[in-house]
Number of protein chains: 2
Amino acid sequence: MYLPDHFVEANQSEVAALIADYPLAAIVAQTAQGMIANHIPVMAEGDTMLIGHVALNNDMHRLIPDHADVLAIFKGEDGYVSPNLYPTKPAHHRHVPTWNYQVVHVAGRITFQHDDKTKRAIVGRLTRDHERAMNGEAAWRMADAPRDYMETMLAAIVAFRIEITGIAAKSKLSQNREAVDHAGVVASFKARGLDRMAARMRRRDSDD
Amino acid sequence: MYLPDHFVEANQSEVAALIADYPLAAIVAQTAQGMIANHIPVMAEGDTMLIGHVALNNDMHRLIPDHADVLAIFKGEDGYVSPNLYPTKPAHHRHVPTWNYQVVHVAGRITFQHDDKTKRAIVGRLTRDHERAMNGEAAWRMADAPRDYMETMLAAIVAFRIEITGIAAKSKLSQNREAVDHAGVVASFKARGLDRMAARMRRRDSDD
């Protein structure tokens with residue numbers, strides 16, 4: 001992607017947080033039948049891998065050969081930036097509209113996993129994370145469902161791993177603006193409920 | 001994409017609304033240098049075209065030949081669905097987690113526009129729409145900026161049109177669930193601030 005130096009998201013914990021906070025990635029691949037894209041919740045496994053699963057009915061595991069290149073696209077919050085948000089505007093009117101956003105593009109090589117043990121492990125990890133985040137002590141567990149039902153459900157999916165070969169992360173957050181204009185954008189995002197972007201912008205002001 | 005019949009978003013005004021409400025598309029293309037993706041705010045021009053512009057420094061207009069196929073990926077709200085959200089769970093425990101979301105994948109052929117008149121027209125349309133939505137009567141207009149500044153800025157961008165060749169739209173919104181479970185998910189989304197998805201789910205209950 002187009003990634004000027006001042007918009008590179010160089011903070012590795014922020015990149016990891018974007019993947020964790022916006023896990024529904026668009027996974028795109030070029031295949032013999034053209035480009036295909038599917039939105040799939042994934043998660044990082046260490047620093048080198050993404051994991052997830054899809055329905056066996058989803059042709060992607062038939063169209064994409066093992067070890068083929070895929071792109072997993074994660075998108076955080078985004079919002080329009082009007083010149084009206086810049087307090088310096090009346091002084092010179094040398095501003096144009098833009099768009100702020102945070103995205104992470106993960107390139108990697110995918111392999112599909114059909115064996116029961118790997119499927120259970122990957123489904124288990126995703127479930128644990130999302131259930132704990134949503135339900136805490138009341139987290140649903142795979143063991144809560146009848147065994148025959150879980151076996152039927154697991155037979156209807158295929159898991160995958162994406163070995164990460166490259167990450168391009170962009171936080172386009174008015175870093176190239178004067179402090180007073182930057183603050184004007186933060187205030188607007190906050191007012192619009194884009195709290196995560198606003199917090200990231202404020203954090204940049206201090207130590208990061 | 002994997003698109004079972006019950007998750008097809010067949011309502012054309014909903015598809016148009018998703019593009020209008022979530023305009024920051026990931027535009028993906030296969031090039032001689034591999035797959036490239038850029039997040040770019042675009043808008044529909046009628047039913048047949050998407051329009052937008054990028055920085056001249058963005059290599060995509062050099063890497064993607066005119067009339068090449070691209071995919072523009074729009075993503076609306078999304079959220080985890082825990083089995084705990086289904087009131088029928090205690091009766092049989094035959095539920096697993098899933099993810100709900102709305103996405104629109106627009107396939108098309110891109111052409112880049114370097115002439116000043118087309119660039120002004122496309123920038124003008126995008127600006128008008130976003131400024132009116134955000135600032136109403138106080139909308140910023142291109143004419144507010146000094147002429148030499150606007151000419152410099154316009155010289156630094158390239159516009160594009162994408163002629164739409166296909167649209168795949170998916171609203172994965174618990175349509176395949178019992179009414180009481182569907183209502184449980186709506187209530188959770190509402191509580192989590194995922195109002196747009198919740199509203200779409202309720203609308204489906206009535207007339208659409």
# chains A, B, ... in the order shown; residues from 1 in each chain; ligands from 1
call {"tool": "select_by_dssp", "arguments": {"residues": "segment 1-195 of chain B", "states": "alpha helix (DSSP H)", "output": "ChimeraX atom specification"}}
result
/B:12-21,60-63,89-92,116-135,147-155,179-191,195
call {"tool": "write_last_selection", "arguments": {"atoms": "C-alpha atoms", "output": "compact mmCIF listing (two decimals), in the first residue's frame"}}
result
# COMPACT_ATOMS: atom_id res chain seq x y z
CA GLN B 12 -30.42 -2.66 -3.43
CA SER B 13 -30.98 0.38 -1.25
CA GLU B 14 -29.22 -1.39 1.64
CA VAL B 15 -26.26 -2.15 -0.63
CA ALA B 16 -26.12 1.49 -1.72
CA ALA B 17 -26.41 2.61 1.91
CA LEU B 18 -23.52 0.37 3.00
CA ILE B 19 -21.29 1.90 0.31
CA ALA B 20 -22.37 5.40 1.32
CA ASP B 21 -22.06 4.79 5.07
CA MET B 60 -1.32 2.16 -7.69
CA HIS B 61 -2.00 4.28 -10.77
CA ARG B 62 1.35 3.17 -12.21
CA LEU B 63 1.02 -0.49 -11.17
CA LYS B 89 -29.38 -22.47 24.47
CA PRO B 90 -30.32 -23.99 27.85
CA ALA B 91 -32.94 -26.19 26.15
CA HIS B 92 -30.54 -28.12 23.92
CA ASP B 116 -7.89 18.68 -14.61
CA LYS B 117 -11.60 18.87 -15.41
CA THR B 118 -12.35 15.28 -14.38
CA LYS B 119 -10.22 15.60 -11.25
CA ARG B 120 -12.10 18.75 -10.20
CA ALA B 121 -15.44 17.07 -10.85
CA ILE B 122 -14.61 13.94 -8.84
CA VAL B 123 -12.98 15.82 -5.96
CA GLY B 124 -15.93 18.21 -5.98
CA ARG B 125 -18.51 15.44 -5.70
CA LEU B 126 -16.74 13.69 -2.85
CA THR B 127 -16.18 16.96 -1.01
CA ARG B 128 -19.77 18.13 -1.42
CA ASP B 129 -21.21 14.91 -0.08
CA HIS B 130 -18.97 14.63 2.97
CA GLU B 131 -19.05 18.34 3.78
CA ARG B 132 -22.84 18.54 3.61
CA ALA B 133 -23.15 15.46 5.78
CA MET B 134 -20.77 16.84 8.39
CA ASN B 135 -21.16 20.60 8.23
CA ARG B 147 -6.68 29.28 -6.34
CA ASP B 148 -2.90 28.64 -6.52
CA TYR B 149 -3.11 26.31 -3.53
CA MET B 150 -5.99 24.29 -5.02
CA GLU B 151 -4.12 24.01 -8.31
CA THR B 152 -1.06 22.67 -6.51
CA MET B 153 -3.18 20.19 -4.59
CA LEU B 154 -5.06 19.01 -7.69
CA ALA B 155 -1.75 18.56 -9.52
CA ALA B 179 -36.98 -15.68 16.17
CA VAL B 180 -36.19 -15.67 19.88
CA ASP B 181 -32.47 -16.25 19.27
CA HIS B 182 -32.42 -13.62 16.52
CA ALA B 183 -33.94 -11.17 19.03
CA GLY B 184 -31.26 -12.07 21.56
CA VAL B 185 -28.54 -11.11 19.09
CA VAL B 186 -30.30 -7.83 18.20
CA ALA B 187 -30.46 -6.92 21.87
CA SER B 188 -26.75 -7.63 22.33
CA PHE B 189 -25.71 -5.60 19.28
CA LYS B 190 -27.85 -2.72 20.48
CA ALA B 191 -26.23 -2.90 23.92
CA ASP B 195 -26.91 0.17 16.18
call {"tool": "closest_atom_pairs", "arguments": {"of": "segment 65-154 of chain B", "to": "segment 164-172 of chain B", "cutoff": "9 Å", "atoms": "only C-alpha atoms", "output": "JSON lines"}}
result
{"residue": "B:Trp99", "atom": "CA", "partner": "B:Lys172", "partner_atom": "CA", "distance": 7.9}
{"residue": "B:Asn100", "atom": "CA", "partner": "B:Lys172", "partner_atom": "CA", "distance": 5.1}
{"residue": "B:Tyr101", "atom": "CA", "partner": "B:Lys172", "partner_atom": "CA", "distance": 5.3}
{"residue": "B:Gln102", "atom": "CA", "partner": "B:Ser171", "partner_atom": "CA", "distance": 4.4}
{"residue": "B:Val103", "atom": "CA", "partner": "B:Lys170", "partner_atom": "CA", "distance": 5.4}
{"residue": "B:Val104", "atom": "CA", "partner": "B:Ala169", "partner_atom": "CA", "distance": 4.3}
{"residue": "B:His105", "atom": "CA", "partner": "B:Ala168", "partner_atom": "CA", "distance": 5.2}
{"residue": "B:Val106", "atom": "CA", "partner": "B:Ile167", "partner_atom": "CA", "distance": 4.6}
{"residue": "B:Ala107", "atom": "CA", "partner": "B:Gly166", "partner_atom": "CA", "distance": 5.0}
{"residue": "B:Gly108", "atom": "CA", "partner": "B:Ile164", "partner_atom": "CA", "distance": 4.2}
{"residue": "B:Arg109", "atom": "CA", "partner": "B:Ile164", "partner_atom": "CA", "distance": 6.7}
{"residue": "B:Ile110", "atom": "CA", "partner": "B:Ile164", "partner_atom": "CA", "distance": 8.8}
call {"tool": "write_last_selection", "arguments": {"atoms": "C-alpha atoms", "output": "mmCIF file, in the first residue's frame"}}
result
data_model
loop_
_atom_site.group_PDB
_atom_site.id
_atom_site.type_symbol
_atom_site.label_atom_id
_atom_site.label_comp_id
_atom_site.auth_asym_id
_atom_site.auth_seq_id
_atom_site.Cartn_x
_atom_site.Cartn_y
_atom_site.Cartn_z
ATOM 1 C CA TRP B 99 -19.634 -13.684 13.656
ATOM 2 C CA ASN B 100 -22.167 -11.295 12.149
ATOM 3 C CA TYR B 101 -21.271 -8.606 9.635
ATOM 4 C CA GLN B 102 -22.258 -6.700 6.537
ATOM 5 C CA VAL B 103 -19.879 -6.429 3.584
ATOM 6 C CA VAL B 104 -20.092 -5.378 -0.050
ATOM 7 C CA HIS B 105 -17.528 -6.587 -2.578
ATOM 8 C CA VAL B 106 -17.626 -4.560 -5.795
ATOM 9 C CA ALA B 107 -15.731 -5.944 -8.784
ATOM 10 C CA GLY B 108 -14.931 -3.559 -11.595
ATOM 11 C CA ARG B 109 -12.506 -2.158 -14.126
ATOM 12 C CA ILE B 110 -10.517 0.896 -13.132
#
call {"tool": "interface_residues", "arguments": {"of": "chain A", "to": "chain B", "cutoff": "7 Å", "atoms": "only C-alpha atoms", "output": "list in words"}}
result
Met1, Tyr2, Ile36, Ala37, Asn38, Asn58, Asp59, Ser82, Pro83, Asn84, His93, Arg94, Glu131, Trp140, Asp144, Ala145, Pro146 and Tyr149 of chain A
call {"tool": "write_last_selection", "arguments": {"atoms": "C-alpha atoms", "output": "tab-separated table (two decimals), in the first residue's frame"}}
result
chain	number	residue	atom	x	y	z
A	1	MET	CA	0.00	0.00	0.00
A	2	TYR	CA	0.96	3.64	-0.31
A	36	ILE	CA	-11.52	-14.00	-4.25
A	37	ALA	CA	-12.15	-12.31	-0.91
A	38	ASN	CA	-13.82	-13.54	2.26
A	58	ASN	CA	-16.61	-22.07	1.51
A	59	ASP	CA	-14.75	-22.77	-1.72
A	82	SER	CA	-12.97	18.44	7.09
A	83	PRO	CA	-10.78	21.55	6.69
A	84	ASN	CA	-13.25	23.13	9.13
A	93	HIS	CA	-7.31	28.60	4.04
A	94	ARG	CA	-4.59	26.31	2.74
A	131	GLU	CA	-15.85	-15.72	25.12
A	140	TRP	CA	-19.35	-20.55	26.84
A	144	ASP	CA	-21.03	-27.13	26.98
A	145	ALA	CA	-22.40	-28.54	23.71
A	146	PRO	CA	-23.30	-32.23	23.24
A	149	TYR	CA	-23.27	-31.99	17.91
call {"tool": "select_by_dssp", "arguments": {"residues": "segment 47-109 of chain A", "states": "strand (DSSP E)", "output": "JSON, numbers by chain"}}
result
{"A": [49, 50, 51, 52, 53, 54, 55, 68, 69, 70, 71, 72, 73, 74, 75, 76, 77, 78, 79, 80, 81, 98, 99, 100, 101, 102, 103, 104, 105, 106, 107, 108, 109]}
call {"tool": "write_last_selection", "arguments": {"atoms": "N, CA and C atoms", "output": "mmCIF file, in the first residue's frame"}}
result
data_model
loop_
_atom_site.group_PDB
_atom_site.id
_atom_site.type_symbol
_atom_site.label_atom_id
_atom_site.label_comp_id
_atom_site.auth_asym_id
_atom_site.auth_seq_id
_atom_site.Cartn_x
_atom_site.Cartn_y
_atom_site.Cartn_z
ATOM 1 N N MET A 49 2.105 -15.929 12.897
ATOM 2 C CA MET A 49 1.018 -16.707 12.332
ATOM 3 C C MET A 49 -0.337 -16.043 12.589
ATOM 4 N N LEU A 50 -1.250 -16.201 11.636
ATOM 5 C CA LEU A 50 -2.672 -15.943 11.866
ATOM 6 C C LEU A 50 -3.396 -17.282 11.779
ATOM 7 N N ILE A 51 -4.440 -17.439 12.590
ATOM 8 C CA ILE A 51 -5.220 -18.683 12.535
ATOM 9 C C ILE A 51 -6.695 -18.356 12.416
ATOM 10 N N GLY A 52 -7.445 -19.286 11.821
ATOM 11 C CA GLY A 52 -8.885 -19.108 11.687
ATOM 12 C C GLY A 52 -9.504 -20.357 11.097
ATOM 13 N N HIS A 53 -10.792 -20.277 10.783
ATOM 14 C CA HIS A 53 -11.466 -21.418 10.147
ATOM 15 C C HIS A 53 -12.636 -20.910 9.328
ATOM 16 N N VAL A 54 -13.017 -21.717 8.362
ATOM 17 C CA VAL A 54 -14.170 -21.365 7.510
ATOM 18 C C VAL A 54 -15.030 -22.598 7.329
ATOM 19 N N ALA A 55 -16.234 -22.370 6.837
ATOM 20 C CA ALA A 55 -17.124 -23.485 6.517
ATOM 21 C C ALA A 55 -16.506 -24.330 5.405
ATOM 22 N N ALA A 68 -0.087 -20.923 -0.827
ATOM 23 C CA ALA A 68 -0.302 -19.790 -1.731
ATOM 24 C C ALA A 68 -0.302 -18.483 -0.938
ATOM 25 N N ASP A 69 0.058 -17.409 -1.622
ATOM 26 C CA ASP A 69 0.048 -16.084 -1.007
ATOM 27 C C ASP A 69 -1.372 -15.570 -0.822
ATOM 28 N N VAL A 70 -1.628 -15.025 0.366
ATOM 29 C CA VAL A 70 -2.905 -14.338 0.614
ATOM 30 C C VAL A 70 -2.596 -13.011 1.297
ATOM 31 N N LEU A 71 -3.580 -12.140 1.262
ATOM 32 C CA LEU A 71 -3.477 -10.866 1.969
ATOM 33 C C LEU A 71 -4.633 -10.801 2.959
ATOM 34 N N ALA A 72 -4.316 -10.553 4.233
ATOM 35 C CA ALA A 72 -5.355 -10.400 5.263
ATOM 36 C C ALA A 72 -5.426 -8.924 5.628
ATOM 37 N N ILE A 73 -6.584 -8.319 5.359
ATOM 38 C CA ILE A 73 -6.740 -6.872 5.514
ATOM 39 C C ILE A 73 -7.576 -6.580 6.756
ATOM 40 N N PHE A 74 -6.981 -5.873 7.711
ATOM 41 C CA PHE A 74 -7.670 -5.466 8.939
ATOM 42 C C PHE A 74 -7.914 -3.965 8.896
ATOM 43 N N LYS A 75 -9.098 -3.545 9.283
ATOM 44 C CA LYS A 75 -9.416 -2.114 9.273
ATOM 45 C C LYS A 75 -9.952 -1.686 10.628
ATOM 46 N N GLY A 76 -9.339 -0.664 11.193
ATOM 47 C CA GLY A 76 -9.837 -0.085 12.430
ATOM 48 C C GLY A 76 -10.852 1.005 12.141
ATOM 49 N N GLU A 77 -10.925 1.959 13.040
ATOM 50 C CA GLU A 77 -11.850 3.084 12.834
ATOM 51 C C GLU A 77 -11.357 3.981 11.705
ATOM 52 N N ASP A 78 -12.285 4.724 11.127
ATOM 53 C CA ASP A 78 -11.911 5.691 10.100
ATOM 54 C C ASP A 78 -12.902 6.832 10.117
ATOM 55 N N GLY A 79 -12.477 7.970 9.613
ATOM 56 C CA GLY A 79 -13.401 9.103 9.595
ATOM 57 C C GLY A 79 -12.928 10.234 8.699
ATOM 58 N N TYR A 80 -13.902 10.930 8.156
ATOM 59 C CA TYR A 80 -13.656 12.089 7.300
ATOM 60 C C TYR A 80 -13.050 13.228 8.116
ATOM 61 N N VAL A 81 -12.112 13.948 7.498
ATOM 62 C CA VAL A 81 -11.496 15.113 8.144
ATOM 63 C C VAL A 81 -11.773 16.341 7.287
ATOM 64 N N THR A 98 -9.464 15.363 3.980
ATOM 65 C CA THR A 98 -8.771 14.075 3.888
ATOM 66 C C THR A 98 -9.551 13.037 4.689
ATOM 67 N N TRP A 99 -8.951 11.889 4.827
ATOM 68 C CA TRP A 99 -9.594 10.801 5.563
ATOM 69 C C TRP A 99 -8.554 10.223 6.499
ATOM 70 N N ASN A 100 -8.912 10.003 7.746
ATOM 71 C CA ASN A 100 -8.006 9.337 8.680
ATOM 72 C C ASN A 100 -8.462 7.906 8.925
ATOM 73 N N TYR A 101 -7.513 7.031 9.185
ATOM 74 C CA TYR A 101 -7.848 5.625 9.391
ATOM 75 C C TYR A 101 -6.634 4.869 9.904
ATOM 76 N N GLN A 102 -6.907 3.668 10.409
ATOM 77 C CA GLN A 102 -5.852 2.727 10.785
ATOM 78 C C GLN A 102 -6.128 1.396 10.107
ATOM 79 N N VAL A 103 -5.129 0.885 9.388
ATOM 80 C CA VAL A 103 -5.275 -0.404 8.710
ATOM 81 C C VAL A 103 -3.988 -1.218 8.875
ATOM 82 N N VAL A 104 -4.164 -2.525 8.853
ATOM 83 C CA VAL A 104 -3.018 -3.435 8.868
ATOM 84 C C VAL A 104 -3.206 -4.433 7.726
ATOM 85 N N HIS A 105 -2.221 -4.500 6.860
ATOM 86 C CA HIS A 105 -2.257 -5.470 5.753
ATOM 87 C C HIS A 105 -1.203 -6.535 6.035
ATOM 88 N N VAL A 106 -1.665 -7.755 6.254
ATOM 89 C CA VAL A 106 -0.756 -8.855 6.564
ATOM 90 C C VAL A 106 -0.648 -9.767 5.340
ATOM 91 N N ALA A 107 0.545 -9.881 4.798
ATOM 92 C CA ALA A 107 0.786 -10.818 3.703
ATOM 93 C C ALA A 107 1.289 -12.123 4.291
ATOM 94 N N GLY A 108 0.889 -13.238 3.686
ATOM 95 C CA GLY A 108 1.343 -14.518 4.212
ATOM 96 C C GLY A 108 0.997 -15.671 3.297
ATOM 97 N N ARG A 109 1.389 -16.850 3.738
ATOM 98 C CA ARG A 109 1.132 -18.077 2.972
ATOM 99 C C ARG A 109 0.189 -18.951 3.775
#
call {"tool": "atom_distance", "arguments": {"atom1": "atom CA of Ile162 of chain B", "atom2": "atom CA of Glu45 of chain B"}}
result
9.6 Å
call {"tool": "atom_distance", "arguments": {"atom1": "atom CA of Arg200 of chain A", "atom2": "atom CA of Val8 of chain A"}}
result
13.4 Å
call {"tool": "atom_distance", "arguments": {"atom1": "atom CA of Leu85 of chain B", "atom2": "atom CA of His114 of chain A"}}
result
28.9 Å
call {"tool": "residues_around", "arguments": {"residues": "Leu56 of chain A", "least_positions_apart": "5", "cutoff": "8 Å", "atoms": "only C-alpha atoms", "output": "ChimeraX atom specification"}}
result
/A:61,156-158
